[in-house]
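**Q** My structure file my_file.txt, compact mmCIF, C-alpha atoms, is below:
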# COMPACT_ATOMS: atom_id res chain seq x y z
CA MET A 1 17.91 109.22 62.14
CA ASP A 2 14.59 110.19 63.74
CA PRO A 3 14.81 112.40 66.87
CA ALA A 4 14.14 109.51 69.24
CA GLY A 5 14.50 106.51 67.01
CA GLY A 6 10.78 105.80 67.34
CA PHE A 7 10.76 105.04 71.05
CA ASP A 8 10.83 106.72 74.49
CA LEU A 9 7.20 107.74 74.16
CA GLU A 10 4.75 107.36 77.06
CA LEU A 11 1.07 108.22 76.77
CA LEU A 12 -1.07 109.11 79.78
CA GLY A 13 -4.72 108.76 78.88
CA SER A 14 -8.14 107.34 79.61
CA TRP A 15 -9.77 104.40 77.81
CA ALA A 16 -13.04 106.25 77.03
CA ASP A 17 -11.46 109.60 76.13
CA SER A 18 -11.66 110.42 72.42
CA HIS A 19 -8.70 112.81 72.69
CA THR A 20 -6.59 109.95 74.03
CA HIS A 21 -7.80 107.81 71.12
CA ARG A 22 -6.58 110.47 68.68
CA VAL A 23 -3.03 110.18 69.94
CA GLN A 24 -3.14 106.38 70.19
CA LEU A 25 -4.37 106.12 66.60
CA ALA A 26 -1.82 108.61 65.28
CA LEU A 27 1.02 106.73 66.96
CA LYS A 28 -0.17 103.47 65.42
CA LEU A 29 -0.59 105.00 61.97
CA LYS A 30 2.95 106.34 62.12
CA GLY A 31 4.30 103.06 63.47
CA LEU A 32 5.73 104.60 66.64
CA PRO A 33 5.97 102.29 69.68
CA PHE A 34 4.80 103.76 72.96
CA GLU A 35 3.98 102.86 76.53
CA TYR A 36 0.46 103.55 77.79
CA ARG A 37 -0.60 104.49 81.31
CA GLU A 38 -4.31 104.50 82.18
CA GLU A 39 -5.45 107.56 84.14
CA ASP A 40 -8.71 108.70 85.76
CA SER A 41 -10.00 111.63 83.71
CA LEU A 42 -12.02 112.95 86.67
CA ARG A 43 -9.26 112.63 89.26
CA PRO A 44 -5.95 113.72 87.73
CA SER A 45 -2.95 111.93 89.19
CA ALA A 46 0.13 113.69 90.49
CA ALA A 47 1.87 112.87 87.21
CA VAL A 48 -0.88 114.49 85.13
CA LEU A 49 -0.91 117.61 87.31
CA LEU A 50 2.87 117.79 87.17
CA HIS A 51 3.01 117.70 83.39
CA ASN A 52 -0.22 119.62 82.72
CA PRO A 53 -0.63 122.07 85.62
CA VAL A 54 -2.73 124.47 83.52
CA TYR A 55 -5.66 122.16 82.72
CA GLY A 56 -4.87 118.88 84.46
CA SER A 57 -6.43 117.14 81.48
CA LEU A 58 -5.67 114.18 79.22
CA PRO A 59 -3.96 113.13 77.10
CA VAL A 60 -0.35 113.83 78.01
CA LEU A 61 2.38 112.47 75.75
CA LEU A 62 5.86 112.26 77.24
CA HIS A 63 8.72 112.23 74.75
CA ARG A 64 11.89 111.43 76.62
CA GLY A 65 10.33 113.03 79.69
CA ARG A 66 9.18 116.22 77.95
CA ALA A 67 5.43 116.77 78.10
CA LEU A 68 3.31 117.42 75.03
CA LEU A 69 -0.26 118.60 75.63
CA HIS A 70 -3.53 118.95 73.69
CA SER A 71 -4.31 116.19 71.22
CA VAL A 72 -4.23 118.25 68.02
CA VAL A 73 -0.93 119.85 69.02
CA ILE A 74 0.46 116.39 69.75
CA LEU A 75 -0.61 115.08 66.32
CA GLN A 76 1.16 117.94 64.57
CA TYR A 77 4.25 117.39 66.72
CA LEU A 78 4.40 113.74 65.68
CA ASP A 79 4.58 114.77 62.03
CA GLU A 80 7.27 117.34 62.74
CA ALA A 81 9.38 115.05 64.93
CA TRP A 82 9.04 112.03 62.61
CA PRO A 83 8.83 113.52 59.09
CA SER A 84 9.81 110.28 57.36
CA GLY A 85 7.24 107.61 56.60
CA ARG A 86 3.51 108.11 57.11
CA LEU A 87 2.50 111.76 57.41
CA LEU A 88 -0.81 112.96 58.86
CA LEU A 89 -0.74 116.49 57.43
CA PRO A 90 -0.80 117.20 53.68
CA SER A 91 2.22 118.80 52.01
CA ASP A 92 0.28 121.62 50.35
CA PRO A 93 0.12 124.72 52.62
CA CYS A 94 -3.46 125.51 51.58
CA ASP A 95 -4.56 121.96 52.34
CA ARG A 96 -2.76 122.14 55.69
CA ALA A 97 -4.65 125.32 56.54
CA ALA A 98 -7.97 123.65 55.68
CA VAL A 99 -7.14 120.67 57.90
CA ARG A 100 -6.24 122.95 60.81
CA PHE A 101 -9.40 125.03 60.36
CA TRP A 102 -11.73 122.02 60.33
CA SER A 103 -9.87 120.45 63.25
CA HIS A 104 -10.65 123.59 65.22
CA PHE A 105 -14.26 123.34 64.01
CA ALA A 106 -14.44 119.79 65.38
CA ASP A 107 -13.41 120.91 68.86
CA ASP A 108 -15.04 124.35 68.88
CA LYS A 109 -18.38 123.64 67.17
CA LEU A 110 -19.15 119.96 66.60
CA ALA A 111 -18.04 118.52 69.94
CA PRO A 112 -19.97 121.05 72.11
CA SER A 113 -23.13 120.49 70.04
CA VAL A 114 -22.91 116.71 70.52
CA ALA A 115 -22.23 117.16 74.23
CA ALA A 116 -25.31 119.40 74.44
CA VAL A 117 -27.45 116.54 73.12
CA PHE A 118 -26.07 114.22 75.77
CA SER A 119 -26.86 116.67 78.58
CA SER A 120 -30.28 117.73 77.22
CA CYS A 121 -33.74 117.02 78.61
CA PRO A 122 -36.68 115.81 76.51
CA GLY A 123 -38.57 118.53 74.69
CA ASP A 124 -37.61 121.67 72.79
CA GLY A 125 -34.15 121.81 74.37
CA ARG A 126 -33.20 118.41 73.05
CA LYS A 127 -34.65 119.16 69.62
CA ALA A 128 -32.63 122.37 69.43
CA ALA A 129 -29.48 120.49 70.43
CA VAL A 130 -30.05 117.82 67.78
CA ASP A 131 -30.74 120.51 65.16
CA GLN A 132 -27.40 122.14 65.98
CA VAL A 133 -25.57 118.84 65.46
CA HIS A 134 -27.34 118.48 62.10
CA GLN A 135 -26.28 121.99 61.09
CA ASN A 136 -22.67 121.17 61.88
CA LEU A 137 -22.82 117.87 60.00
CA LYS A 138 -24.26 119.70 56.99
CA LEU A 139 -21.12 121.82 56.90
CA LEU A 140 -18.92 118.72 56.86
CA GLU A 141 -21.15 117.08 54.25
CA ARG A 142 -20.70 120.12 52.03
CA GLU A 143 -16.91 120.00 52.35
CA LEU A 144 -16.87 116.36 51.23
CA GLY A 145 -18.64 117.24 47.97
CA GLY A 146 -20.09 120.03 45.90
CA GLY A 147 -16.88 121.98 45.48
CA GLY A 148 -15.78 121.55 49.08
CA ALA A 149 -12.17 121.40 50.20
CA PHE A 150 -12.26 117.59 50.41
CA GLU A 151 -14.47 116.81 47.41
CA GLY A 152 -14.08 113.38 45.87
CA ARG A 153 -11.77 112.01 48.56
CA ARG A 154 -12.16 108.68 50.29
CA PHE A 155 -10.87 110.23 53.51
CA PHE A 156 -10.31 113.85 54.47
CA GLY A 157 -6.63 112.99 54.13
CA GLY A 158 -7.08 111.55 50.61
CA ASP A 159 -6.56 107.84 49.99
CA GLU A 160 -5.30 107.35 53.55
CA ILE A 161 -6.41 108.56 56.97
CA GLY A 162 -4.97 111.98 57.75
CA LEU A 163 -4.96 114.32 60.72
CA LEU A 164 -8.51 115.57 60.20
CA ASP A 165 -9.81 112.02 59.89
CA VAL A 166 -8.17 111.22 63.23
CA VAL A 167 -9.62 114.33 64.88
CA LEU A 168 -13.15 113.85 63.55
CA GLY A 169 -13.22 110.06 63.61
CA CYS A 170 -12.04 109.69 67.20
CA GLY A 171 -15.21 111.03 68.70
CA SER A 172 -17.73 110.45 65.93
CA TYR A 173 -18.33 106.93 67.23
CA TRP A 174 -20.05 108.62 70.19
CA LEU A 175 -22.75 109.75 67.76
CA ALA A 176 -24.10 106.19 67.48
CA VAL A 177 -23.79 105.71 71.24
CA PHE A 178 -25.70 108.90 72.00
CA GLU A 179 -28.36 108.03 69.44
CA GLU A 180 -29.23 104.94 71.46
CA VAL A 181 -28.83 106.44 74.93
CA MET A 182 -30.76 109.63 74.11
CA GLU A 183 -33.20 108.05 71.60
CA VAL A 184 -32.43 110.56 68.85
CA LYS A 185 -31.16 110.39 65.26
CA LEU A 186 -27.94 112.27 64.65
CA VAL A 187 -26.38 110.74 61.52
CA ASP A 188 -29.05 110.03 58.91
CA PRO A 189 -27.48 108.23 55.91
CA GLU A 190 -29.94 109.93 53.58
CA ALA A 191 -29.32 113.43 54.95
CA PHE A 192 -25.54 113.00 55.24
CA PRO A 193 -24.55 110.28 52.74
CA ARG A 194 -20.93 111.38 52.30
CA PHE A 195 -20.26 111.82 56.01
CA HIS A 196 -21.98 108.52 56.80
CA ALA A 197 -19.95 106.66 54.17
CA TRP A 198 -16.72 108.27 55.39
CA LEU A 199 -17.44 107.31 59.02
CA ARG A 200 -18.24 103.69 58.14
CA ASP A 201 -15.03 103.46 56.08
CA PHE A 202 -13.00 105.06 58.87
CA GLU A 203 -14.34 102.60 61.45
CA GLU A 204 -13.35 99.64 59.26
CA GLN A 205 -9.65 100.52 59.23
CA ARG A 206 -7.45 98.07 61.14
CA GLU A 207 -5.72 100.69 63.30
CA VAL A 208 -9.07 102.24 64.19
CA LYS A 209 -10.50 98.88 65.27
CA GLU A 210 -7.42 98.37 67.44
CA THR A 211 -7.91 101.78 69.08
CA ILE A 212 -11.62 102.38 69.64
CA PRO A 213 -13.23 100.39 72.48
CA PRO A 214 -16.13 98.04 71.62
CA ILE A 215 -19.43 99.85 71.08
CA ASP A 216 -21.17 97.85 73.83
CA LYS A 217 -18.55 98.97 76.35
CA LEU A 218 -18.96 102.60 75.29
CA LEU A 219 -22.73 102.26 75.47
CA GLU A 220 -22.55 100.84 78.99
CA TYR A 221 -20.24 103.66 80.03
CA ALA A 222 -22.39 106.43 78.48
CA THR A 223 -25.56 104.98 80.04
CA ALA A 224 -23.93 104.98 83.48
CA VAL A 225 -22.75 108.57 83.02
CA ARG A 226 -26.22 109.67 81.91
CA GLN A 227 -27.81 108.03 84.95
CA MET A 228 -25.23 109.72 87.17
CA MET A 229 -26.11 113.08 85.62
CA LEU A 230 -29.83 112.52 86.13
CA GLY A 231 -29.08 111.54 89.72
CA GLY A 232 -27.70 115.01 90.35
CA THR A 233 -24.19 113.96 91.33
CA GLY A 234 -22.74 117.05 89.73
CA ALA A 235 -20.66 115.20 87.15
CA ASP A 236 -19.42 117.34 84.27
CA ASP A 237 -20.36 115.50 81.08
CA ASP A 238 -17.80 117.43 79.01
CA ASN A 239 -15.07 115.88 81.15
CA VAL A 240 -16.61 112.46 81.70
CA VAL A 241 -17.40 111.82 78.02
CA ALA A 242 -15.06 113.63 75.65
CA VAL A 243 -16.66 113.75 72.22
CA ASN A 244 -14.15 114.80 69.54
Would you give me this structure, written as structure tokens?
**A**
Amino acid sequence: MDPAGGFDLELLGSWADSHTHRVQLALKLKGLPFEYREEDSLRPSAAVLLHNPVYGSLPVLLHRGRALLHSVVILQYLDEAWPSGRLLLPSDPCDRAAVRFWSHFADDKLAPSVAAVFSSCPGDGRKAAVDQVHQNLKLLERELGGGGAFEGRRFFGGDEIGLLDVVLGCGSYWLAVFEEVMEVKLVDPEAFPRFHAWLRDFEEQREVKETIPPIDKLLEYATAVRQMMLGGTGADDDNVVAVN
């Protein structure tokens, strides 16, 4: 019997937060029922601060009242707590290490570079920010082919979506949003054919469509945040729009 029989899970998150989407998608992929509570990412509730006093950030997953924090940690916990059925991590230790490394890359390198584009001003600063995103995408493109760790795979997880797909995919949809809001080109199908094909395939999966908000809603939200930033309200774009 599974530790909790596949229930007693409550997720505290925000509708536009890509880290929340990671956990929502993972729960759906593993077929685990859960309750969802919408939170304000800029104004943590008493419940969020109680369970995550260190960062006061989302998402927070409660498993029978015990708090689990940080989206990637939560995804790994789900595999460990429910080892039967759909698994997000590969069985091979070397493959697991690669997934963990590139998940860290997504949060440590790719996400900050995309956020820098969103907060940039026209001119050399924006060009430099876009160039950095392209450099990071080149690294992922290489890993999907040419002897990379994920060469020849439909998804990073193989034939099915795995943990790295969840981490990278829940956030990569912001690339298209930022392209329109910032009037830049981030994902060129000719420059990054493997990454582009992977992203389109990822977005077509049923569980992904059920998780990611409509693009027009995300575009409206990002446009409002950008206008707020230009208005000098002091909003922190890394917190308002979580990318990856």
**Q** Tell me, as a list in words, which residues lie within 10 Å of His70 (chain A), counting only C-alpha atoms; anything in the same chain fewer than 5 positions away does not count.
**A**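 What passes the distance filter is His19, Thr20, Val23, Asn52, Tyr55, Ser57, Leu58, Pro59, Val60, Leu61 and Leu75 of chain A.
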**Q** Would you output that residue set with C-alpha atoms, as a tab-separated table (two decimals), keeping the file's coordinate frame?
**A**
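Contents of selection26.tsv, as written:
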chain	number	residue	atom	x	y	z
A	19	HIS	CA	-8.70	112.81	72.69
A	20	THR	CA	-6.59	109.95	74.03
A	23	VAL	CA	-3.03	110.18	69.94
A	52	ASN	CA	-0.22	119.62	82.72
A	55	TYR	CA	-5.66	122.16	82.72
A	57	SER	CA	-6.43	117.14	81.48
A	58	LEU	CA	-5.67	114.18	79.22
A	59	PRO	CA	-3.96	113.13	77.10
A	60	VAL	CA	-0.35	113.83	78.01
A	61	LEU	CA	2.38	112.47	75.75
A	75	LEU	CA	-0.61	115.08	66.32
**Q** Which residue is closest to Gly13 (chain A)? Choose from A:Ala129, A:Val114, A:Leu69, A:Leu87 and count only C-alpha atoms.
**A** A:Leu69
**Q** Tell me which of A:Phe156, A:Phe192, A:Phe34, A:Tyr173 sits closest to Arg100 (chain A), counting all atoms listed in the file.
**A** A:Phe156
**Q** Between A:Lys30, A:Arg66, A:Arg96, A:His196, single out the one closest to Gly157 (chain A), counting all atoms listed in the file.
**A**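 That would be A:Arg96, the residue with the smallest distance to Gly157 (chain A).
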**Q** Using all atoms listed in the file, which residue out of A:Lys217, A:Arg154, A:Lys185, A:Arg22 lies closest to Phe202 (chain A)?
**A**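 Going through A:Lys217, A:Arg154, A:Lys185, A:Arg22 one by one, the smallest distance to Phe202 (chain A) is for A:Arg154.
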**Q** Which residues are near Arg43 (chain A)? Cut-off 10 Å, all atoms listed in the file, ignore same chain within fewer than 5 positions. Put them as a PyMOL selection string.
**A** chain A and resi 48-49+56-57
**Q** Distance CA of Tyr221 (chain A)-CA of Trp15 (chain A), one decimal place?
**A** 10.7 Å
**Q** Provide the CA of Tyr77 (chain A) to CA of Ala106 (chain A) distance in Å, to one decimal place.
**A**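 Separating CA of Tyr77 (chain A) from CA of Ala106 (chain A) is a distance of 18.9 Å.
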**Q** Counting only C-alpha atoms, figure out which residue out of A:Gly31, A:Ala111, A:Gly123, A:Ala46 gets nearest to Ser172 (chain A).
**A**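 So, comparing all the options, the nearest one is A:Ala111.
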**Q** Will you model N, CA and C atoms for region 13-33 of chain A and pass it back as an mmCIF file, in the coordinates of the input?
**A**
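Once everything was written out, this is part_27.cif:
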data_model
loop_
_atom_site.group_PDB
_atom_site.id
_atom_site.type_symbol
_atom_site.label_atom_id
_atom_site.label_comp_id
_atom_site.auth_asym_id
_atom_site.auth_seq_id
_atom_site.Cartn_x
_atom_site.Cartn_y
_atom_site.Cartn_z
ATOM 1 N N GLY A 13 -3.393 108.535 79.435
ATOM 2 C CA GLY A 13 -4.720 108.760 78.880
ATOM 3 C C GLY A 13 -5.788 107.990 79.600
ATOM 4 N N SER A 14 -6.992 108.042 79.039
ATOM 5 C CA SER A 14 -8.140 107.340 79.610
ATOM 6 C C SER A 14 -8.821 106.534 78.506
ATOM 7 N N TRP A 15 -9.271 105.328 78.822
ATOM 8 C CA TRP A 15 -9.770 104.400 77.810
ATOM 9 C C TRP A 15 -10.991 104.929 77.047
ATOM 10 N N ALA A 16 -11.818 105.764 77.678
ATOM 11 C CA ALA A 16 -13.040 106.250 77.030
ATOM 12 C C ALA A 16 -12.882 107.661 76.479
ATOM 13 N N ASP A 17 -11.699 108.215 76.537
ATOM 14 C CA ASP A 17 -11.460 109.600 76.130
ATOM 15 C C ASP A 17 -11.093 109.665 74.653
ATOM 16 N N SER A 18 -11.905 110.347 73.860
ATOM 17 C CA SER A 18 -11.660 110.420 72.420
ATOM 18 C C SER A 18 -10.370 111.160 72.089
ATOM 19 N N HIS A 19 -9.959 112.102 72.934
ATOM 20 C CA HIS A 19 -8.700 112.810 72.690
ATOM 21 C C HIS A 19 -7.512 111.881 72.884
ATOM 22 N N THR A 20 -7.607 110.982 73.853
ATOM 23 C CA THR A 20 -6.590 109.950 74.030
ATOM 24 C C THR A 20 -6.548 109.038 72.811
ATOM 25 N N HIS A 21 -7.728 108.675 72.295
ATOM 26 C CA HIS A 21 -7.800 107.810 71.120
ATOM 27 C C HIS A 21 -7.127 108.454 69.913
ATOM 28 N N ARG A 22 -7.238 109.773 69.796
ATOM 29 C CA ARG A 22 -6.580 110.470 68.680
ATOM 30 C C ARG A 22 -5.078 110.192 68.684
ATOM 31 N N VAL A 23 -4.476 110.346 69.845
ATOM 32 C CA VAL A 23 -3.030 110.180 69.940
ATOM 33 C C VAL A 23 -2.647 108.711 69.759
ATOM 34 N N GLN A 24 -3.411 107.806 70.361
ATOM 35 C CA GLN A 24 -3.140 106.380 70.190
ATOM 36 C C GLN A 24 -3.188 105.998 68.706
ATOM 37 N N LEU A 25 -4.213 106.458 68.007
ATOM 38 C CA LEU A 25 -4.370 106.120 66.600
ATOM 39 C C LEU A 25 -3.240 106.716 65.766
ATOM 40 N N ALA A 26 -2.893 107.966 66.031
ATOM 41 C CA ALA A 26 -1.820 108.610 65.280
ATOM 42 C C ALA A 26 -0.498 107.881 65.466
ATOM 43 N N LEU A 27 -0.207 107.469 66.686
ATOM 44 C CA LEU A 27 1.020 106.730 66.960
ATOM 45 C C LEU A 27 1.044 105.403 66.194
ATOM 46 N N LYS A 28 -0.089 104.744 66.141
ATOM 47 C CA LYS A 28 -0.170 103.470 65.420
ATOM 48 C C LYS A 28 -0.031 103.687 63.915
ATOM 49 N N LEU A 29 -0.679 104.722 63.397
ATOM 50 C CA LEU A 29 -0.590 105.000 61.970
ATOM 51 C C LEU A 29 0.837 105.317 61.552
ATOM 52 N N LYS A 30 1.576 105.981 62.431
ATOM 53 C CA LYS A 30 2.950 106.340 62.120
ATOM 54 C C LYS A 30 3.950 105.248 62.508
ATOM 55 N N GLY A 31 3.439 104.167 63.114
ATOM 56 C CA GLY A 31 4.300 103.060 63.470
ATOM 57 C C GLY A 31 5.267 103.357 64.595
ATOM 58 N N LEU A 32 4.862 104.198 65.535
ATOM 59 C CA LEU A 32 5.730 104.600 66.640
ATOM 60 C C LEU A 32 5.355 103.811 67.903
ATOM 61 N N PRO A 33 6.262 103.033 68.446
ATOM 62 C CA PRO A 33 5.970 102.290 69.680
ATOM 63 C C PRO A 33 5.875 103.230 70.873
#
